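Asks: Just so it is clear, I am handing over run14.txt, which has compact mmCIF, C-alpha atoms.
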# COMPACT_ATOMS: atom_id res chain seq x y z
CA MET A 1 -12.28 429.88 105.43
CA MET A 2 -15.39 429.28 103.37
CA PRO A 3 -16.47 432.39 101.48
CA ASP A 4 -20.08 433.56 101.56
CA ALA A 5 -20.43 433.17 97.77
CA LEU A 6 -18.59 431.60 94.83
CA ILE A 7 -18.22 433.22 91.43
CA PHE A 8 -16.93 431.02 88.62
CA ASP A 9 -15.42 432.07 85.36
CA PHE A 10 -16.80 429.67 82.75
CA ASP A 11 -14.61 428.82 79.74
CA GLY A 12 -11.45 427.14 80.99
CA VAL A 13 -12.76 426.85 84.57
CA LEU A 14 -15.90 424.73 84.26
CA LEU A 15 -15.75 423.99 80.51
CA GLU A 16 -12.81 422.68 78.45
CA SER A 17 -13.73 425.14 75.71
CA GLU A 18 -10.37 426.96 75.78
CA TYR A 19 -8.57 423.77 74.83
CA GLU A 20 -11.24 422.52 72.44
CA GLY A 21 -11.54 425.93 70.76
CA ASN A 22 -7.81 426.18 70.19
CA ARG A 23 -7.65 422.62 68.97
CA HIS A 24 -10.31 423.43 66.38
CA LEU A 25 -8.53 426.66 65.45
CA ALA A 26 -5.27 424.77 64.89
CA ARG A 27 -6.97 422.20 62.67
CA LEU A 28 -8.80 424.90 60.70
CA LEU A 29 -5.63 426.93 60.05
CA THR A 30 -3.81 423.74 59.08
CA GLU A 31 -6.50 422.81 56.55
CA LEU A 32 -6.40 426.36 55.17
CA GLY A 33 -2.74 425.78 54.37
CA HIS A 34 -1.04 427.09 57.51
CA PRO A 35 0.12 424.15 59.62
CA THR A 36 -0.51 425.11 63.25
CA THR A 37 -0.20 423.06 66.43
CA VAL A 38 -2.69 423.27 69.28
CA GLU A 39 0.22 424.29 71.53
CA HIS A 40 0.97 427.26 69.28
CA ALA A 41 -2.68 428.30 69.21
CA LEU A 42 -2.96 427.99 73.01
CA ARG A 43 0.17 430.05 73.57
CA HIS A 44 -0.60 432.84 71.12
CA PHE A 45 -4.38 433.13 70.82
CA THR A 46 -5.86 432.21 74.22
CA GLY A 47 -7.65 435.02 75.97
CA LEU A 48 -7.78 437.26 72.90
CA SER A 49 -11.07 438.31 71.39
CA GLY A 50 -12.43 440.46 68.59
CA ASN A 51 -9.88 442.32 66.47
CA ASP A 52 -7.00 441.44 68.82
CA PHE A 53 -7.66 437.77 68.13
CA LEU A 54 -8.06 438.20 64.36
CA GLY A 55 -4.94 440.36 64.16
CA ALA A 56 -2.86 437.79 66.01
CA VAL A 57 -4.05 434.99 63.72
CA GLU A 58 -3.39 437.09 60.60
CA ARG A 59 0.14 437.87 61.78
CA HIS A 60 0.66 434.14 62.32
CA ILE A 61 -0.46 433.16 58.81
CA GLY A 62 1.00 436.26 57.14
CA ARG A 63 -2.11 437.16 55.15
CA PRO A 64 -5.67 438.34 55.64
CA LEU A 65 -7.97 435.59 56.86
CA PRO A 66 -10.06 434.06 54.08
CA GLU A 67 -13.85 434.48 54.23
CA GLU A 68 -14.43 430.78 54.91
CA PHE A 69 -12.42 431.04 58.14
CA HIS A 70 -15.18 433.11 59.71
CA GLY A 71 -17.91 430.84 58.37
CA PHE A 72 -16.25 427.70 59.73
CA ARG A 73 -15.71 429.33 63.13
CA LYS A 74 -19.43 430.02 63.35
CA VAL A 75 -20.21 426.45 62.35
CA GLU A 76 -17.89 425.18 65.08
CA SER A 77 -19.71 427.31 67.62
CA GLU A 78 -23.01 425.75 66.49
CA ARG A 79 -21.46 422.30 66.72
CA ALA A 80 -20.15 422.93 70.23
CA LEU A 81 -23.53 424.30 71.35
CA SER A 82 -25.32 421.31 69.86
CA GLU A 83 -22.97 418.54 70.97
CA GLY A 84 -21.59 420.05 74.15
CA VAL A 85 -18.00 420.33 75.35
CA ALA A 86 -16.31 418.31 78.10
CA ALA A 87 -16.19 419.67 81.62
CA VAL A 88 -12.87 420.57 83.20
CA ALA A 89 -11.82 417.55 85.26
CA GLY A 90 -13.51 417.59 88.63
CA ALA A 91 -15.63 420.66 87.91
CA ILE A 92 -19.04 418.99 87.95
CA GLU A 93 -18.32 417.07 91.16
CA PHE A 94 -16.98 420.23 92.80
CA VAL A 95 -20.07 422.31 92.03
CA ARG A 96 -22.46 419.52 93.03
CA ALA A 97 -20.70 419.06 96.37
CA LEU A 98 -21.23 422.71 97.33
CA ALA A 99 -24.00 423.45 99.79
CA PRO A 100 -27.21 424.07 97.80
CA ASP A 101 -27.84 427.30 99.68
CA LEU A 102 -24.33 428.68 99.10
CA PRO A 103 -24.83 431.57 96.65
CA LYS A 104 -23.00 430.91 93.37
CA ALA A 105 -22.78 432.55 89.98
CA VAL A 106 -21.07 432.30 86.64
CA ALA A 107 -19.36 435.50 85.44
CA SER A 108 -17.98 435.10 81.95
CA SER A 109 -17.11 437.02 78.78
CA SER A 110 -19.16 434.55 76.75
CA SER A 111 -22.81 435.11 75.84
CA SER A 112 -25.43 433.95 78.31
CA HIS A 113 -26.80 431.68 75.55
CA TRP A 114 -23.42 429.91 75.37
CA ILE A 115 -23.15 429.63 79.14
CA ARG A 116 -26.70 428.42 79.75
CA THR A 117 -26.60 425.89 76.90
CA HIS A 118 -23.37 424.39 78.18
CA LEU A 119 -24.60 424.39 81.78
CA ASP A 120 -27.50 422.32 80.44
CA HIS A 121 -25.08 419.90 78.78
CA LEU A 122 -23.04 419.64 81.98
CA GLY A 123 -26.16 419.16 84.09
CA LEU A 124 -25.33 422.23 86.20
CA ARG A 125 -28.01 424.64 85.05
CA GLU A 126 -30.04 424.36 88.24
CA ASP A 127 -27.00 424.80 90.46
CA PHE A 128 -26.63 428.36 89.17
CA GLY A 129 -30.29 429.21 88.57
CA ASP A 130 -30.57 432.74 87.20
CA HIS A 131 -27.09 433.73 88.33
CA VAL A 132 -25.45 433.59 84.90
CA TYR A 133 -23.75 436.84 83.95
CA SER A 134 -22.14 437.80 80.66
CA GLY A 135 -19.53 440.52 80.38
CA SER A 136 -20.87 441.41 76.96
CA GLU A 137 -24.51 441.65 78.07
CA HIS A 138 -24.80 442.64 81.70
CA VAL A 139 -22.12 445.33 82.09
CA ALA A 140 -20.67 448.06 79.88
CA ARG A 141 -17.04 447.06 80.40
CA GLY A 142 -16.08 443.42 80.07
CA LYS A 143 -13.01 441.72 81.53
CA PRO A 144 -10.31 442.77 82.42
CA ALA A 145 -12.55 445.38 84.08
CA PRO A 146 -13.90 444.09 87.42
CA ASP A 147 -17.47 445.12 86.56
CA ILE A 148 -18.91 441.69 85.77
CA TYR A 149 -17.74 440.28 89.13
CA LEU A 150 -19.13 443.28 91.00
CA HIS A 151 -22.41 442.84 89.15
CA ALA A 152 -22.54 439.12 90.00
CA ALA A 153 -21.81 439.79 93.69
CA ALA A 154 -24.49 442.49 93.83
CA GLN A 155 -27.02 440.14 92.24
CA LEU A 156 -26.09 437.42 94.75
CA GLY A 157 -26.50 439.97 97.54
CA VAL A 158 -23.05 439.27 98.98
CA PRO A 159 -20.35 441.96 99.47
CA ILE A 160 -17.55 441.38 96.96
CA GLU A 161 -14.89 441.03 99.68
CA ARG A 162 -16.76 437.99 101.02
CA CYS A 163 -16.89 436.36 97.56
CA LEU A 164 -14.41 433.91 96.09
CA ILE A 165 -13.71 434.10 92.36
CA ILE A 166 -12.25 431.12 90.50
CA GLU A 167 -10.48 432.23 87.33
CA ASP A 168 -8.11 430.62 84.86
CA SER A 169 -7.15 433.37 82.43
CA GLU A 170 -4.82 436.29 82.94
CA VAL A 171 -7.41 438.70 81.56
CA GLY A 172 -10.05 437.36 83.94
CA ALA A 173 -7.74 437.19 86.96
CA THR A 174 -6.76 440.83 86.43
CA GLY A 175 -10.38 441.88 86.75
CA ALA A 176 -11.04 439.48 89.61
CA LEU A 177 -8.16 440.93 91.66
CA ALA A 178 -9.34 444.48 90.91
CA SER A 179 -12.82 443.65 92.20
CA GLY A 180 -11.60 443.15 95.77
CA ALA A 181 -12.74 439.54 96.03
CA ARG A 182 -10.61 436.62 97.15
CA VAL A 183 -9.24 434.97 94.00
CA ILE A 184 -8.12 431.43 93.33
CA GLY A 185 -6.23 431.01 90.08
CA LEU A 186 -7.14 427.68 88.51
CA ALA A 187 -4.67 425.90 86.26
CA ALA A 188 -6.66 422.69 85.85
CA GLY A 189 -7.93 422.88 82.26
CA ARG A 190 -6.15 421.11 79.43
CA HIS A 191 -5.23 424.52 78.03
CA CYS A 192 -2.94 425.25 81.01
CA ASP A 193 0.74 424.63 80.30
CA ASP A 194 3.57 424.42 82.85
CA GLY A 195 3.97 428.16 83.19
CA HIS A 196 0.28 428.92 83.65
CA ASP A 197 0.35 429.02 87.45
CA GLN A 198 3.41 431.27 87.49
CA ARG A 199 1.79 433.73 85.09
CA LEU A 200 -1.24 433.93 87.39
CA ARG A 201 1.01 434.44 90.43
CA GLY A 202 2.85 437.13 88.48
CA LEU A 203 -0.39 439.10 88.29
CA GLY A 204 -0.70 438.96 92.06
CA VAL A 205 -2.93 435.89 92.45
CA GLN A 206 -1.81 434.45 95.78
CA GLU A 207 -3.72 431.20 95.74
CA VAL A 208 -3.27 428.94 92.73
CA ALA A 209 -4.81 425.49 92.35
CA HIS A 210 -3.96 422.84 89.76
CA SER A 211 -7.17 420.87 90.26
CA PHE A 212 -10.55 421.22 91.91
CA ASP A 213 -9.25 418.99 94.71
CA GLU A 214 -6.67 421.68 95.42
CA VAL A 215 -9.42 424.34 95.30
CA ARG A 216 -11.28 422.32 97.95
CA SER A 217 -8.16 422.15 100.12
CA LEU A 218 -7.64 425.90 99.82
CA LEU A 219 -11.23 426.48 100.89
CA VAL A 220 -10.85 424.28 103.93
CA SER A 221 -7.46 425.57 105.02
CA GLY A 222 -7.44 429.11 103.62
CA MET B 1 -10.13 412.31 33.86
CA SER B 2 -13.50 413.76 32.88
CA ASP B 3 -14.60 417.08 34.33
CA SER B 4 -17.27 415.52 36.49
CA ALA B 5 -14.81 412.90 37.71
CA SER B 6 -12.37 415.58 38.79
CA ARG B 7 -15.19 417.47 40.49
CA LEU B 8 -16.13 414.23 42.24
CA GLN B 9 -12.58 413.86 43.53
CA ARG B 10 -12.49 417.46 44.71
CA ILE B 11 -15.78 417.06 46.60
CA HIS B 12 -14.44 413.94 48.31
CA GLU B 13 -11.36 415.95 49.33
CA GLU B 14 -13.52 418.78 50.66
CA ILE B 15 -15.63 416.31 52.66
CA ALA B 16 -12.47 414.82 54.15
CA ALA B 17 -11.08 418.28 55.01
CA ALA B 18 -14.36 419.32 56.66
CA ALA B 19 -14.29 416.18 58.81
CA ARG B 20 -10.68 416.82 59.83
CA ILE B 21 -11.46 420.44 60.77
CA ALA B 22 -14.46 419.49 62.88
CA ARG B 23 -13.23 416.32 64.55
CA GLY B 24 -9.60 415.86 63.68
CA GLU B 25 -10.27 412.58 61.95
CA PRO B 26 -11.87 411.25 58.79
CA ALA B 27 -15.60 410.60 58.82
CA GLU B 28 -17.69 407.99 57.08
CA VAL B 29 -19.75 410.15 54.73
CA THR B 30 -21.68 408.77 51.77
CA LEU B 31 -21.80 411.10 48.81
CA VAL B 32 -25.08 410.75 46.93
CA ALA B 33 -24.74 412.16 43.42
CA VAL B 34 -28.03 413.88 42.67
CA SER B 35 -28.65 412.71 39.13
CA LYS B 36 -32.25 413.85 38.69
CA THR B 37 -32.67 415.70 35.37
CA ARG B 38 -29.21 414.45 34.26
CA SER B 39 -28.87 412.19 31.25
CA ALA B 40 -27.22 408.77 31.18
CA ASP B 41 -24.35 410.38 29.23
CA GLU B 42 -23.75 412.76 32.11
CA ILE B 43 -24.02 409.99 34.71
CA GLU B 44 -21.74 407.41 33.11
CA PRO B 45 -18.42 409.25 33.67
CA LEU B 46 -19.20 409.34 37.38
CA ILE B 47 -19.93 405.63 37.44
CA ALA B 48 -16.65 405.09 35.64
CA ALA B 49 -14.94 407.16 38.34
CA GLY B 50 -16.32 404.87 41.04
CA GLN B 51 -19.46 406.73 42.16
CA ARG B 52 -22.11 404.23 43.23
CA ALA B 53 -24.83 406.19 45.10
CA PHE B 54 -27.22 408.25 42.99
CA GLY B 55 -30.21 410.34 43.99
CA GLU B 56 -33.43 410.67 42.00
CA SER B 57 -36.66 412.38 42.88
CA ARG B 58 -39.20 411.10 40.38
CA VAL B 59 -40.32 407.54 39.88
CA GLN B 60 -41.09 407.97 36.15
CA GLU B 61 -37.72 409.54 35.37
CA THR B 62 -35.92 406.83 37.33
CA LEU B 63 -37.79 404.10 35.48
CA ALA B 64 -36.88 405.64 32.14
CA LYS B 65 -33.21 406.19 32.90
CA TRP B 66 -31.83 403.63 35.30
CA PRO B 67 -32.71 400.06 34.22
CA ALA B 68 -30.17 400.21 31.36
CA LEU B 69 -27.46 401.65 33.63
CA LEU B 70 -28.21 399.17 36.40
CA ALA B 71 -27.93 396.30 33.95
CA LYS B 72 -24.28 397.26 33.45
CA HIS B 73 -23.50 398.17 37.08
CA ALA B 74 -25.37 395.98 39.53
CA ASP B 75 -23.73 397.48 42.63
CA ILE B 76 -25.26 400.96 42.22
CA ARG B 77 -27.59 402.10 44.98
CA LEU B 78 -30.44 404.43 44.09
CA HIS B 79 -31.65 406.94 46.67
CA CYS B 80 -35.09 408.51 46.47
CA ILE B 81 -34.63 412.11 47.57
CA GLY B 82 -37.88 413.71 46.41
CA ARG B 83 -41.38 413.88 47.82
CA LEU B 84 -43.12 410.61 47.41
CA GLN B 85 -46.82 409.96 47.03
CA SER B 86 -48.27 406.89 48.68
CA ASN B 87 -49.67 405.64 45.36
CA LYS B 88 -46.08 405.40 44.07
CA ALA B 89 -44.95 403.27 47.03
CA GLY B 90 -45.00 400.01 45.04
CA GLU B 91 -42.72 401.34 42.33
CA ALA B 92 -40.54 403.10 44.89
CA VAL B 93 -39.69 399.97 46.89
CA ARG B 94 -38.82 398.11 43.70
CA LEU B 95 -36.62 400.93 42.33
CA PHE B 96 -34.88 402.45 45.32
CA ASP B 97 -32.43 401.08 47.87
CA VAL B 98 -32.81 404.07 50.18
CA ILE B 99 -35.74 406.47 50.63
CA HIS B 100 -34.91 409.84 52.19
CA SER B 101 -38.36 411.39 52.29
CA VAL B 102 -40.59 409.46 54.68
CA ASP B 103 -42.46 412.24 56.42
CA ARG B 104 -45.83 410.78 57.41
CA ARG B 105 -47.33 407.66 58.79
CA SER B 106 -49.54 406.97 55.76
CA LEU B 107 -46.51 406.92 53.44
CA LEU B 108 -44.59 404.66 55.80
CA ASP B 109 -47.51 402.24 55.98
CA ALA B 110 -47.83 402.17 52.18
CA LEU B 111 -44.09 401.56 51.76
CA ALA B 112 -44.07 398.83 54.41
CA MET B 113 -46.99 397.05 52.77
CA GLU B 114 -45.49 397.22 49.29
CA ALA B 115 -42.05 396.19 50.60
CA THR B 116 -43.53 393.09 52.17
CA LYS B 117 -45.30 392.26 48.89
CA ALA B 118 -42.16 392.78 46.83
CA GLY B 119 -39.76 391.23 49.34
CA ARG B 120 -37.55 394.32 49.02
CA PHE B 121 -36.93 396.50 52.06
CA PRO B 122 -35.29 399.86 51.31
CA ALA B 123 -33.77 401.72 54.24
CA VAL B 124 -35.64 404.90 55.08
CA TYR B 125 -34.82 408.31 56.45
CA VAL B 126 -37.45 410.26 58.34
CA GLN B 127 -37.59 413.68 56.69
CA VAL B 128 -37.94 416.52 59.17
CA ASN B 129 -39.28 419.98 58.39
CA VAL B 130 -36.50 421.48 60.44
CA GLY B 131 -37.36 425.11 59.67
CA GLU B 132 -41.05 424.51 60.42
CA GLU B 133 -41.87 425.95 56.98
CA GLU B 134 -45.30 425.76 55.42
CA GLN B 135 -45.39 424.02 52.04
CA LYS B 136 -42.24 422.07 52.81
CA GLY B 137 -41.92 418.31 53.03
CA GLY B 138 -40.98 416.73 56.30
CA CYS B 139 -42.70 415.94 59.54
CA ALA B 140 -42.91 418.52 62.31
CA LEU B 141 -40.14 418.47 64.92
CA ALA B 142 -42.67 417.42 67.54
CA GLU B 143 -43.63 414.34 65.49
CA VAL B 144 -40.12 412.97 64.89
CA GLY B 145 -40.14 410.61 67.86
CA GLU B 146 -43.44 409.02 66.91
CA LEU B 147 -42.44 408.52 63.27
CA VAL B 148 -39.01 407.16 64.19
CA GLU B 149 -40.65 404.61 66.48
CA ALA B 150 -43.11 403.70 63.74
CA VAL B 151 -40.22 403.01 61.33
CA ARG B 152 -38.50 400.93 64.00
CA ALA B 153 -41.66 398.88 64.39
CA SER B 154 -41.95 398.44 60.60
CA PRO B 155 -40.09 395.96 58.38
CA LEU B 156 -38.09 398.84 56.84
CA PRO B 157 -34.65 399.56 58.31
CA LEU B 158 -34.28 403.06 59.82
CA ALA B 159 -31.36 404.82 58.12
CA GLY B 160 -31.63 408.15 59.95
CA LEU B 161 -33.08 411.65 59.69
CA MET B 162 -33.08 413.88 56.62
CA ALA B 163 -33.71 417.60 56.33
CA ILE B 164 -33.51 420.50 53.91
CA PRO B 165 -33.00 423.78 55.80
CA PRO B 166 -34.83 426.96 54.75
CA LEU B 167 -33.41 428.71 51.70
CA GLY B 168 -31.37 431.87 52.00
CA VAL B 169 -30.37 431.60 55.64
CA GLU B 170 -27.37 430.10 57.43
CA PRO B 171 -27.95 426.34 57.38
CA ALA B 172 -25.68 425.53 60.34
CA PRO B 173 -28.23 426.11 63.14
CA TYR B 174 -30.73 423.86 61.33
CA PHE B 175 -28.19 421.10 60.77
CA ALA B 176 -27.15 421.35 64.42
CA LEU B 177 -30.77 421.18 65.50
CA LEU B 178 -31.40 418.08 63.42
CA ALA B 179 -28.26 416.45 64.86
CA LYS B 180 -29.56 417.18 68.34
CA VAL B 181 -32.97 415.71 67.54
CA ALA B 182 -31.22 412.62 66.14
CA ARG B 183 -29.18 412.14 69.32
CA ARG B 184 -32.32 412.54 71.42
CA HIS B 185 -33.93 409.65 69.52
CA ASP B 186 -30.78 407.54 69.36
CA VAL B 187 -30.56 407.86 65.58
CA THR B 188 -27.10 407.91 63.97
CA GLY B 189 -27.71 408.57 60.26
CA LEU B 190 -28.00 412.21 59.12
CA SER B 191 -28.81 413.02 55.50
CA ILE B 192 -28.05 416.75 55.37
CA GLY B 193 -26.09 419.04 53.09
CA MET B 194 -26.25 419.80 49.39
CA SER B 195 -23.98 421.54 46.85
CA GLN B 196 -23.88 424.86 48.69
CA ASP B 197 -23.44 423.60 52.21
CA PHE B 198 -22.17 420.02 52.29
CA ARG B 199 -18.95 421.01 54.07
CA VAL B 200 -20.95 422.70 56.84
CA ALA B 201 -23.16 419.60 57.04
CA VAL B 202 -20.16 417.30 57.40
CA MET B 203 -18.83 419.49 60.20
CA LEU B 204 -22.14 419.11 61.98
CA GLY B 205 -22.28 415.35 61.65
CA ALA B 206 -23.70 414.48 58.21
CA THR B 207 -23.37 410.82 57.32
CA VAL B 208 -24.87 411.40 53.86
CA VAL B 209 -24.63 414.47 51.63
CA ARG B 210 -26.68 414.93 48.47
CA VAL B 211 -24.72 416.83 45.83
CA GLY B 212 -25.91 417.62 42.31
CA THR B 213 -24.99 421.04 40.94
CA ALA B 214 -21.44 421.03 42.32
CA LEU B 215 -20.87 417.65 40.74
CA PHE B 216 -22.52 418.04 37.34
CA GLU B 217 -21.90 421.71 36.58
CA GLU B 218 -18.82 423.87 36.25
Could you show the structure in this file as structure tokens?

Replies:
Amino acid sequence: MMPDALIFDFDGVLLESEYEGNRHLARLLTELGHPTTVEHALRHFTGLSGNDFLGAVERHIGRPLPEEFHGFRKVESERALSEGVAAVAGAIEFVRALAPDLPKAVASSSSSHWIRTHLDHLGLREDFGDHVYSGSEHVARGKPAPDIYLHAAAQLGVPIERCLIIEDSEVGATGALASGARVIGLAAGRHCDDGHDQRLRGLGVQEVAHSFDEVRSLLVSG
Amino acid sequence: MSDSASRLQRIHEEIAAAARIARGEPAEVTLVAVSKTRSADEIEPLIAAGQRAFGESRVQETLAKWPALLAKHADIRLHCIGRLQSNKAGEAVRLFDVIHSVDRRSLLDALAMEATKAGRFPAVYVQVNVGEEEQKGGCALAEVGELVEAVRASPLPLAGLMAIPPLGVEPAPYFALLAKVARRHDVTGLSIGMSQDFRVAVMLGATVVRVGTALFEE
């Protein structure tokens, strides 16, 4: 059954930034003298932010992070904003094929500057209009709290139980389930390994898709 | 190995590491050794170590210093990296292989005219005042397209865009902005990054870095 509104997580759902970010992190740690594979970075650092993230990286390298680590991370963010990052396969076509009058929003932990700039690169800015919501700017509690989804639904003017949320991360899916919306777990990004779908199901996500084609099928049949 | 030669090697290694961090592969980056104010005695060890691109900012200093060095090493390429007055255009096209500081139409026209006279056509970078600072060389961001097209219509090859970001602030946003402007105008060369920030510049797409202090001083 088609929902009355769609709410998309951003990084790892529409944008391949989870994979690209971890690939950069692996290269940076390797150049700093701590050989690290992208697989290791994806498995151990995805979904972490702030001090949790820094602590996990420091445990991995066994020493405090050098000052230049932080500087180079900021430079990479500038580079990604300037050059853009690839879309998750099928994401652009999926969004463009949605009815123009179907309410849709992005609800993400990233800054609205990051989201809007990358929507520009992807050519999807107009599809979402003003409905771009950041867990660090628009609500007091970010994911895994459900607040950012509830905020997005309220702004769209659609009751949360008639919204569909598409999420890839465990942190995001936890909040999405708690919001009361229908949730599709998406394991389509390059950052998703073989166990990704099972980890989402383990949280209680009942519908899991491995591609946007599968999301479309779930919408038609679900 | 001389001190400056070992510093040269270390800078090449840092450029390579920056490219691997940003893109996972080596990048083609030309290191211009900024030799303005340096004596021939300071320059020669770098030439001996294989350095071939040197940056100068003043016509008179270049005329005094380089003819003797060029006589011994014909494959050196001299880059003009300082502000250039139109009345020095004739000397500039005869001395320099690359000019990084073309920031106005009148200078471009003077260089093009003198180049045609001399039969020597240095490649030029359009210098952009990327921080929109008063008193700073470079054309305004809004004028880049027009000046780039003027270079393309001139007999001088377009090498790319050059910029010096504002002092005392993070350079990365300015480098990223210049890279974006370059992509918008289908320009591939980017002359950005100096001693303090060449690694950041390489990460953001520099094809040329201009390094003096880190090369000549401890």

Asks: Could you please give me, as a VMD selection string, the residues of protein, DNA or RNA lying at most 8 Å from (-31.2, 403.9, 49.7) in the coordinate frame of the file, considering only C-alpha atoms?

Replies: chain B and resid 77 to 80 96 to 100 122 to 124

Asks: Could you give me, as a PDB file with C-alpha atoms, in the frame of the given file, the residues within 12 Å of B:Arg152, counting only C-alpha atoms and dropping anything in the same chain fewer than 5 positions from it?

Replies:
ATOM      1  CA  LEU B 108     -44.590 404.660  55.800  1.00  0.00           C
ATOM      2  CA  ALA B 112     -44.070 398.830  54.410  1.00  0.00           C
ATOM      3  CA  ALA B 123     -33.770 401.720  54.240  1.00  0.00           C
ATOM      4  CA  VAL B 124     -35.640 404.900  55.080  1.00  0.00           C
ATOM      5  CA  TYR B 125     -34.820 408.310  56.450  1.00  0.00           C
ATOM      6  CA  VAL B 126     -37.450 410.260  58.340  1.00  0.00           C
ATOM      7  CA  GLY B 145     -40.140 410.610  67.860  1.00  0.00           C
ATOM      8  CA  GLU B 146     -43.440 409.020  66.910  1.00  0.00           C
ATOM      9  CA  LEU B 147     -42.440 408.520  63.270  1.00  0.00           C
ATOM     10  CA  PRO B 157     -34.650 399.560  58.310  1.00  0.00           C
ATOM     11  CA  LEU B 158     -34.280 403.060  59.820  1.00  0.00           C
ATOM     12  CA  ALA B 159     -31.360 404.820  58.120  1.00  0.00           C
ATOM     13  CA  GLY B 160     -31.630 408.150  59.950  1.00  0.00           C
ATOM     14  CA  HIS B 185     -33.930 409.650  69.520  1.00  0.00           C
ATOM     15  CA  ASP B 186     -30.780 407.540  69.360  1.00  0.00           C
ATOM     16  CA  VAL B 187     -30.560 407.860  65.580  1.00  0.00           C
TER      17      VAL B 187
END

Asks: Could you tell me which residues of chain A sit within 8 Å of chain B when counting all atoms listed in the file, and give me the result as an NGL selection string?

Replies: :A and (24 or 27-28 or 31 or 72 or 75-76 or 78-79 or 82-83)

Asks: Would you please work out which residue, of A:Asp11, A:His44, A:Phe128, A:Ala181, is nearest to A:Asp101 when using all atoms listed in the file?

Replies: A:Phe128

Asks: What gap, in Å, lies between atom CA of A:His118 and atom CA of A:Gly84?

Replies: 6.2 Å

Asks: Quick one, how far is atom CA of A:Leu119 from atom CA of A:Pro3?

Replies: 22.8 Å

Asks: Hey, can you pull every residue with an atom no more than 8 Å from (-23.3, 446.6, 85.9), using all atoms listed in the file, and send it as a JSON list (two decimals) with C-alpha atoms, keeping the file's coordinate frame?

Replies:
[["chain", "number", "residue", "atom", "x", "y", "z"],
["A", 138, "HIS", "CA", -24.80, 442.64, 81.70],
["A", 139, "VAL", "CA", -22.12, 445.33, 82.09],
["A", 140, "ALA", "CA", -20.67, 448.06, 79.88],
["A", 147, "ASP", "CA", -17.47, 445.12, 86.56],
["A", 148, "ILE", "CA", -18.91, 441.69, 85.77],
["A", 150, "LEU", "CA", -19.13, 443.28, 91.00],
["A", 151, "HIS", "CA", -22.41, 442.84, 89.15]]

Asks: Quick one: distance from atom CA of A:Phe10 to atom CA of A:Ser108 in Å, one decimal?

Replies: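 These two atoms are separated by 5.6 Å.
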
Asks: Identify which of the residues A:Arg125, A:Arg59, A:Arg216, A:Arg116 lies closest to A:Gly90, counting all atoms listed in the file when measuring atom-to-atom distances.

Replies: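 Between A:Arg125, A:Arg59, A:Arg216, A:Arg116, the residue approaching A:Gly90 most closely is A:Arg216.
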
Asks: At a cut-off of 10 Å, using all atoms listed in the file, what residues contact B:Glu61? Leave out same-chain residues fewer than 3 positions from it and give the result as a PyMOL selection string.

Replies: chain B and resi 36-38+56-58+64-66
